[in-house]
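Here's the structure, in structure tokens; my notes come after.
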Amino acid sequence: MTTELNGDRIWPDLRTLTCVLSPEVVARDDGTTTRILVVRLTNPAGELLDTAMFADVDTLGRRLLVEHGIGGVVVTGPRAGVFAPHFRLGEIAEGAAALGRPVPYAAARAAYLAVRGLSRVTAVRDRLLDSPAAGIAELVRTHEALTRLGAVPQVVVSAIDGDALAGGCELALACDLRVMAEGDGRIGLVEISAAIPPGAGGTQRLVRAVGASRARSMALRASTLDAATAYSVGLVDEVCAPAEVLEVALRLAGEVARRDPAAIAAVKRTMQGGRAFRDGLATEGAAFVSTASGSAAIARLRAFAAASDEAGTRTPWRDRSWLR
Amino acid sequence: MTTELNGDRIWPDLRTLTCVLSPEVVARDDGTTTRILVVRLTNPAGELLDTAMFADVDTLGRRLLVEHGIGGVVVTGPRAGVFAPHFRLGEIAEGAAALGRPVPYAAARAAYLAVRGLSRVTAVRDRLLDSPAAGIAELVRTHEALTRLGAVPQVVVSAIDGDALAGGCELALACDLRVMAEGDGRIGLVEISAAIPPGAGGTQRLVRAVGASRARSMALRASTLDAATAYSVGLVDEVCAPAEVLEVALRLAGEVARRDPAAIAAVKRTMQGGRAFRDGLATEGAAFVSTASGSAAIARLRAFAAASDEAGTRTPWRDRSWLR
Amino acid sequence: MTTELNGDRIWPDLRTLTCVLSPEVVARDDGTTTRILVVRLTNPAGELLDTAMFADVDTLGRRLLVEHGIGGVVVTGPRAGVFAPHFRLGEIAEGAAALGRPVPYAAARAAYLAVRGLSRVTAVRDRLLDSPAAGIAELVRTHEALTRLGAVPQVVVSAIDGDALAGGCELALACDLRVMAEGDGRIGLVEISAAIPPGAGGTQRLVRAVGASRARSMALRASTLDAATAYSVGLVDEVCAPAEVLEVALRLAGEVARRDPAAIAAVKRTMQGGRAFRDGLATEGAAFVSTASGSAAIARLRAFAAASDEAGTRTPWRDRSWLR
């Protein structure tokens with residue numbers, strides 16, 4: 001990538017994210033200046049999303065809510081050609097197996113709603129994350145973390161150079177704007193090929209983003225779109241050469257960040273999903289827990305993990321072997 | 001059509017539907033196999049949709065809910081060039097006339113909600129279908145039948161070779177995926193040209209499928225789209241030559257049916273409409289009853305019926321005389 | 001424009017609107033005839049939208065609800081090349097300043113909901129418009145007036161030749177159908193560049209019209225679309241030469257107005273937004289009041305007004321100086 005980021009790392013306690021303020025200053029309409037925070041996904045465990053990373057995204061969002069010095073955020077991958085390929089499916093397999101038996105949908109929904117309610121008290125949530133309900137508590141945290149990313153007052157832009165499949169697509173969908181590089185990278189909700197539904201809000205966000213007809217089709221068929229196609233259906237906002245993706249994302253973030261912070265926050269707030277969106281998250285959460293805890297899903301997820309290397313550099317989605 | 005279906009007919013008690021298991025077997029990801037059910041619309045009364053056919057679709061859906069041997073469903077028309085042109089409007093005229101007088105919207109809404117509630121008890125519903133509220137009970141059953149078609153655990157694909165207007169469009173919209181043949185066939189909600197609004201869920205599904213702006217425009221203008229245009233706005237998922245429509249639909253159904261059944265069901269469940277969709281159905285139902293029971297609508301529907309032949313091979317929509 | 005309107009002006013008490021029945025008669029499907037009302041935005045105060053004009057739109061909608069002789073409505077601008085460029089921002093600045101201090105979001109939401117409830121009693125509403133809550137009462141009236149424009153039984157078509165930015169875009173979005181002339185005119189929600197969010201329902205209508213992804217992007221980036229682009233995303237229904245915009249809009253209105261009035265009203269009713277839409281309006285209203293009452297917004301709005309001429313012929317949006 002052409003843009004060099006040599007600034008000091010901030011929030012080094014976020015172990016899976018490298019957060020650096022962009023060196024260029026954004027001149028605001030009102031004469032003041034601000035900066036764009038670049039959040040690089042640099043999980044020491046490898047290139048895949050995992051629970052540790054969503055925990056950091058959760059913390060990141062809480063900080064952004066009160067961090068008035070930052071005017072915008074760009075989320076980008078660890079290296080050229082890599083964004084957030086997908087979530088580590090082996091973790092889902094083990095979390096689901098820990099539930100001990102398949103959870104019926106109605107029970108999963110009740111559990112999801114109970115955990116979501118309890119999670120509003122942080123101390124209780126931390127206990128839940130260390131309980132037999134840990135899997136559900138982590139799912140709730142992921143839902144809340146991605147919803148918060150869309151709700152922080154700053155504009156959040158994802159710079160996608162490489163795959164954004166399944167959880168990677170859901171992370172991208174949770175951002176306000178998306179830049180995607182031409183090339184081999186694909187975006188899509190391909191979870192069904194691993195015997196699970198999307199579980200990080202993607203079912204609700206994709207329907208709202210591109211309409212129910214296209215969204216349902218994409219998720220059922222495990223469709224993956226290249227950058228040009230994603231652009232044509234309104235799923236990404238800019239397409240560019242891979243070498244320029246960070247630059248374009250920074251420009252885009254700056255284009256919004258120059259506006260009044262209260263107005264940015266107000267536009268974001270008014271164009272969120274509302275009650276129906278939260279209801280939909282509960283449906284998704286319950287369907288996810290119920291499906292993933294079934295023996296077929298656990299077997300399939302373990303087969304996926306067995307066919308992957310530890311860092312996620314090679315998996316049945318990255319090499320497309322499960323997407324044909 | 002090139003695909004020959006010589007399998008045994010199943011469920012012969014469904015008199016308007018010819019149900020045959022596709023001879024080709026779908027190899028599932030988990031090593032098992034499944035089959036696609038082909039549902040051919042073969043109403044002895046003619047090529048139009050009617051109450052008897054929606055009653056059979058209702059029964060079909062109930063069976064699919066518990067039929068685990070079937071991995072997917074393709075809904076197709078009775079012959080090359082014909083899908084489900086539209087509902088038989090003469091039936092609507094007589095059902096509306098039987099109400100005796102125009103029903104105000106508020107009364108229609110109360111009646112719709114009461115009948116919907118009562119219909120959950122099958123025995124009560126059967127009584128209602130034989131009462132002065134029969135028209136409303138049939139409308140509710142149609143709404144429930146098409147909603148269930150979207151909610152069965154199997155993927156449901158419509159193979160549209162020919163017109164899918166009004167009720168035919170609504171049937172197609174209730175399927176998960178749509179294949180449409182190039183040619184003279186058109187898809188659209190043209191009810192307004194017969195002095196009624198759409199009444200089988202189309203108002204709610206089209207808005208969700210293509211956005212409120214395009215959907216409202218299509219329904220107000222009685223627009224009909226050819227296959228290419230329908231594809232470009234995301235209303236259909238594949239376009240092909242007429243001779244290939246069943247083959248493509250079977251391939252598409254198989255592409256999804258190879259996935260884990262629980263995951264397919266979970267994706268479908270999470271991408272349904274929720275409470276706002278059901279509220280919208282009630283609004284549609286009430287607006288439909290209220291409008292259709294007016295004298296202007298009854299006269300117009302009867303004029304339509306008078307200009308149609310009995311089998312529906314020639315009607316003011318099929319020959320486009322009311323769509324200019 | 002090629003269509004001459006020499007009919008008698010009706011409702012001359014609407015001082016900002018020139019209402020004339022189109023000379024051409026629309027032949028209805030049932031053999032009767034009807035006429036299209038052309039509503040020309042002719043505010044004596046200049047070319048911008050303002051409170052007086054929305055008050056007249058409110059009255060217009062109430063009359064259309066009971067005016068059965070009119071089959072359709074076309075909303076058009078005062079002269080060639082001008083539709084409704086945007087709302088007069090100086091009025092917003094002074095209304096917000098009159099609140100005396102920044103209103104927190106929660107308080108703004110409570111106030112909005114209270115005023116909306118009270119406004120159902122017309123006499124109370126008129127008092128509110130003359131109280132310290134006047135700004136909120138005017139916002140509520142604007143929301144109600146535009147919602148009613150979408151809810152009148154007649155089809156409403158906007159004929160856009162020139163800019164439809166911010167409030168002008170929101171007025172266009174409140175119509176059932178939109179015709180837009182090729183040329184320099186642009187459509188978009190550009191409010192953020194003046195430090196406020198959209199406030200006349202645009203956040204809710206744009207999301208529903210073009211999907212949440214494109215809508216959020218447009219509002220955050222202050223994007224403006226030319227006619228061809230607006231057509232390609234489904235935001236406008238017809239594009240034509242500037243000289244033909246009124247003619248095309250009249251043809252489009254006539255195409256719908258020939259249908260049965262009850263059916264038109266029923267289609268419109270079933271494709272409205274429902275409860276989630278009204279919830280969304282409250283969110284928008286509260287976010288608008290809260291943001292606009294902040295000192296940054298007031299300063300920015302006043303700077304905008306200071307850079308504008310009185311009639312709105314030259315403003316930082318019309319000359320694009322704030323949109324670069």
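Chain labels follow the order of the structure tokens: the first chain is A, the next B, and so on; residue numbering restarts at 1 in every chain, and ligands are counted from 1 in their shown order.
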
Within segment 84-232 of chain C, find each residue whose DSSP state, derived from the backbone, is strand (DSSP E or B), and express the selection as a list in words. Phe87, Val155, Val156, Val157, Ser158, Ala159, Ile160, Ala164, Leu165, Leu177, Arg178, Val179, Met180, Ala181, Ile187, Gly188 and Leu225 of chain C

For chain B, which residues have at least one atom within 8 Å of chain C, if we go by only C-alpha atoms? Write them as a list in words, please. Ile192, Ser193, Ala195, Ile196, Pro197, Pro198, Thr203, Gln204, Val207, Gly211, Ala212, Ser213, Arg214, Arg216, Ser217, Ala219, Leu220, Arg221, Ala276, Gly280, Thr283, Glu284, Ala287, Phe288, Thr291, Ala296, Ala297 and Arg300 of chain B

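Summary of the local environment: counting only C-alpha atoms, residues at most 12 Å from Arg127 of chain B, other than itself and those fewer than 5 positions away along its chain, are Val115, Leu118, Ser119, Val121, Thr122, Pro132, Ala133, Ala134, Ala137 and Glu138 of chain B.
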
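The two atoms in question, atom CA of Arg9 of chain B and atom CA of Leu21 of chain B, are spaced 7.6 Å apart.
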
Go through segment 118-266 of chain B and collect every residue that DSSP, computed from the backbone, puts in helix (DSSP H, G or I); the answer should be as an MDAnalysis selection string. chainID B and resid 118 122:128 134:151 167:174 191:194 202:210 212:221 227:232 242:257 261:266

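Shell of Ala114 of chain C at 12 Å, with only C-alpha atoms counted and residues fewer than 6 places along the chain excluded, is Ala107, Ala108, Arg120, Val124, Arg125, Leu128, Ala133, Ile136, Ala137, Val140, Ala282, Gly285 and Ala286 of chain C.
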
Could you take the residues named above and write them with N, CA and C atoms, as a short mmCIF file (atom, residue, chain, number, x, y, z; two decimals), in the first residue's frame?
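Saved the output as selection.cif:
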```cif
data_model
loop_
_atom_site.label_atom_id
_atom_site.label_comp_id
_atom_site.auth_asym_id
_atom_site.auth_seq_id
_atom_site.Cartn_x
_atom_site.Cartn_y
_atom_site.Cartn_z
N ALA C 107 -34.29 14.55 25.39
CA ALA C 107 -35.29 15.59 25.61
C ALA C 107 -35.97 15.96 24.29
N ALA C 108 -35.17 16.01 23.23
CA ALA C 108 -35.73 16.35 21.92
C ALA C 108 -36.73 15.29 21.47
N ARG C 120 -52.37 16.35 16.92
CA ARG C 120 -53.53 15.71 16.30
C ARG C 120 -54.79 16.53 16.54
N VAL C 124 -54.90 22.77 19.15
CA VAL C 124 -53.71 22.73 20.00
C VAL C 124 -52.46 22.97 19.15
N ARG C 125 -52.45 22.33 17.98
CA ARG C 125 -51.29 22.49 17.11
C ARG C 125 -51.08 23.96 16.77
N LEU C 128 -49.41 25.61 19.50
CA LEU C 128 -48.01 25.20 19.62
C LEU C 128 -47.14 25.96 18.61
N ALA C 133 -42.23 26.25 21.62
CA ALA C 133 -41.98 24.99 20.94
C ALA C 133 -42.26 25.09 19.44
N ILE C 136 -40.21 22.94 16.99
CA ILE C 136 -40.54 21.52 17.00
C ILE C 136 -41.91 21.29 16.37
N ALA C 137 -42.83 22.19 16.63
CA ALA C 137 -44.17 22.06 16.03
C ALA C 137 -44.10 22.18 14.52
N VAL C 140 -42.72 18.90 13.20
CA VAL C 140 -43.77 17.88 13.20
C VAL C 140 -44.73 18.12 12.04
N ALA C 282 -39.58 9.90 14.30
CA ALA C 282 -39.34 10.46 15.63
C ALA C 282 -37.84 10.52 15.91
N GLY C 285 -36.53 13.36 13.81
CA GLY C 285 -36.94 14.65 14.37
C GLY C 285 -36.11 15.02 15.59
N ALA C 286 -35.91 14.04 16.47
CA ALA C 286 -35.14 14.30 17.68
C ALA C 286 -33.68 14.59 17.35
#
```

Find the spatial neighbours of segment 40-50 of chain C, counting only C-alpha atoms, within a cut-off of 10 Å - ignore same-chain residues fewer than 3 positions away - and output them as a ChimeraX atom specification. /C:14-20,37,53-55,57,74-79,82-92,159,167-168,171,309-315

N, CA and C atoms of the current selection, written as a compact mmCIF listing (two decimals), in the first residue's frame:
```
# COMPACT_ATOMS: atom_id res chain seq x y z
N LEU C 14 -53.70 29.55 -0.87
CA LEU C 14 -52.37 28.94 -0.68
C LEU C 14 -51.37 29.86 -1.37
N ARG C 15 -50.76 30.73 -0.61
CA ARG C 15 -50.01 31.84 -1.22
C ARG C 15 -48.72 31.38 -1.89
N THR C 16 -48.16 30.27 -1.45
CA THR C 16 -46.87 29.86 -2.01
C THR C 16 -47.01 28.82 -3.12
N LEU C 17 -48.25 28.39 -3.37
CA LEU C 17 -48.47 27.35 -4.38
C LEU C 17 -49.47 27.86 -5.41
N THR C 18 -49.15 27.68 -6.68
CA THR C 18 -50.12 28.00 -7.72
C THR C 18 -50.72 26.68 -8.19
N CYS C 19 -51.99 26.49 -7.90
CA CYS C 19 -52.67 25.23 -8.20
C CYS C 19 -53.61 25.42 -9.40
N VAL C 20 -53.37 24.65 -10.43
CA VAL C 20 -54.14 24.79 -11.67
C VAL C 20 -54.51 23.39 -12.14
N LEU C 37 -54.09 17.80 -11.08
CA LEU C 37 -53.79 19.10 -10.48
C LEU C 37 -52.29 19.38 -10.60
N MET C 53 -44.25 27.55 2.96
CA MET C 53 -44.58 26.61 1.89
C MET C 53 -44.98 25.25 2.46
N PHE C 54 -44.28 24.79 3.49
CA PHE C 54 -44.69 23.50 4.07
C PHE C 54 -46.06 23.62 4.75
N ALA C 55 -46.37 24.80 5.30
CA ALA C 55 -47.71 25.00 5.85
C ALA C 55 -48.75 24.87 4.74
N VAL C 57 -48.32 23.12 1.94
CA VAL C 57 -48.33 21.71 1.53
C VAL C 57 -49.20 20.91 2.50
N VAL C 74 -49.34 16.77 -9.90
CA VAL C 74 -47.95 16.95 -10.31
C VAL C 74 -47.40 18.14 -9.55
N VAL C 75 -46.25 17.96 -8.92
CA VAL C 75 -45.59 19.04 -8.19
C VAL C 75 -44.41 19.51 -9.02
N THR C 76 -44.38 20.77 -9.34
CA THR C 76 -43.33 21.27 -10.23
C THR C 76 -42.81 22.61 -9.72
N GLY C 77 -41.70 23.04 -10.28
CA GLY C 77 -41.05 24.26 -9.81
C GLY C 77 -41.60 25.52 -10.46
N PRO C 78 -41.09 26.68 -10.04
CA PRO C 78 -41.65 27.95 -10.49
C PRO C 78 -41.28 28.33 -11.92
N ARG C 79 -40.19 27.77 -12.42
CA ARG C 79 -39.75 28.15 -13.77
C ARG C 79 -38.82 27.08 -14.31
N VAL C 82 -35.75 25.16 -12.46
CA VAL C 82 -35.85 25.27 -11.00
C VAL C 82 -36.99 24.39 -10.49
N PHE C 83 -36.69 23.54 -9.52
CA PHE C 83 -37.72 22.76 -8.84
C PHE C 83 -37.83 23.33 -7.41
N ALA C 84 -37.26 22.62 -6.46
CA ALA C 84 -37.24 23.10 -5.07
C ALA C 84 -35.81 22.92 -4.61
N PRO C 85 -34.98 23.94 -4.81
CA PRO C 85 -33.54 23.74 -4.61
C PRO C 85 -33.21 23.18 -3.23
N HIS C 86 -33.75 23.81 -2.19
CA HIS C 86 -33.58 23.30 -0.82
C HIS C 86 -34.34 24.22 0.11
N PHE C 87 -34.38 23.87 1.39
CA PHE C 87 -35.07 24.69 2.39
C PHE C 87 -34.19 25.89 2.74
N ARG C 88 -34.82 26.96 3.19
CA ARG C 88 -34.11 28.17 3.60
C ARG C 88 -33.44 27.94 4.95
N LEU C 89 -32.13 27.81 4.94
CA LEU C 89 -31.44 27.39 6.16
C LEU C 89 -31.43 28.47 7.24
N GLY C 90 -31.54 29.71 6.83
CA GLY C 90 -31.58 30.79 7.83
C GLY C 90 -32.75 30.62 8.78
N GLU C 91 -33.86 30.13 8.26
CA GLU C 91 -35.03 29.89 9.13
C GLU C 91 -34.73 28.83 10.17
N ILE C 92 -34.00 27.80 9.75
CA ILE C 92 -33.65 26.75 10.71
C ILE C 92 -32.73 27.32 11.78
N ALA C 159 -42.09 16.68 -10.71
CA ALA C 159 -41.45 17.00 -12.00
C ALA C 159 -40.23 17.85 -11.69
N GLY C 167 -34.00 19.50 1.65
CA GLY C 167 -35.46 19.54 1.72
C GLY C 167 -36.14 19.34 0.38
N GLY C 168 -35.49 19.77 -0.69
CA GLY C 168 -36.06 19.56 -2.03
C GLY C 168 -36.08 18.08 -2.40
N LEU C 171 -38.86 16.52 -0.32
CA LEU C 171 -40.17 16.75 -0.93
C LEU C 171 -40.38 15.77 -2.09
N ASP C 309 -28.13 34.78 -1.13
CA ASP C 309 -28.96 35.97 -1.33
C ASP C 309 -30.36 35.69 -0.77
N GLU C 310 -31.15 36.70 -0.69
CA GLU C 310 -32.43 36.58 0.03
C GLU C 310 -33.36 35.57 -0.65
N ALA C 311 -33.41 35.58 -1.97
CA ALA C 311 -34.37 34.72 -2.68
C ALA C 311 -33.88 33.29 -2.79
N GLY C 312 -32.63 33.06 -2.45
CA GLY C 312 -32.11 31.70 -2.57
C GLY C 312 -31.63 31.38 -3.97
N THR C 313 -31.53 32.36 -4.81
CA THR C 313 -31.05 32.12 -6.17
C THR C 313 -29.57 31.76 -6.16
N ARG C 314 -28.87 32.28 -5.18
CA ARG C 314 -27.47 31.95 -4.99
C ARG C 314 -27.27 31.53 -3.54
N THR C 315 -26.85 30.28 -3.34
CA THR C 315 -26.56 29.78 -1.99
C THR C 315 -25.35 28.86 -2.11
```

Give me the residues near Arg62 of chain B as a ChimeraX atom specification, where near means some atom within 10 Å (using only C-alpha atoms) and where sequence neighbours in that chain fewer than 5 positions away do not count. /B:56-57,67,145,148-149,152

Nearest residue to Asp319 of chain A from the set A:Asp184, A:Ala241, A:Leu246, A:Gly199 (distances using only C-alpha atoms): A:Asp184
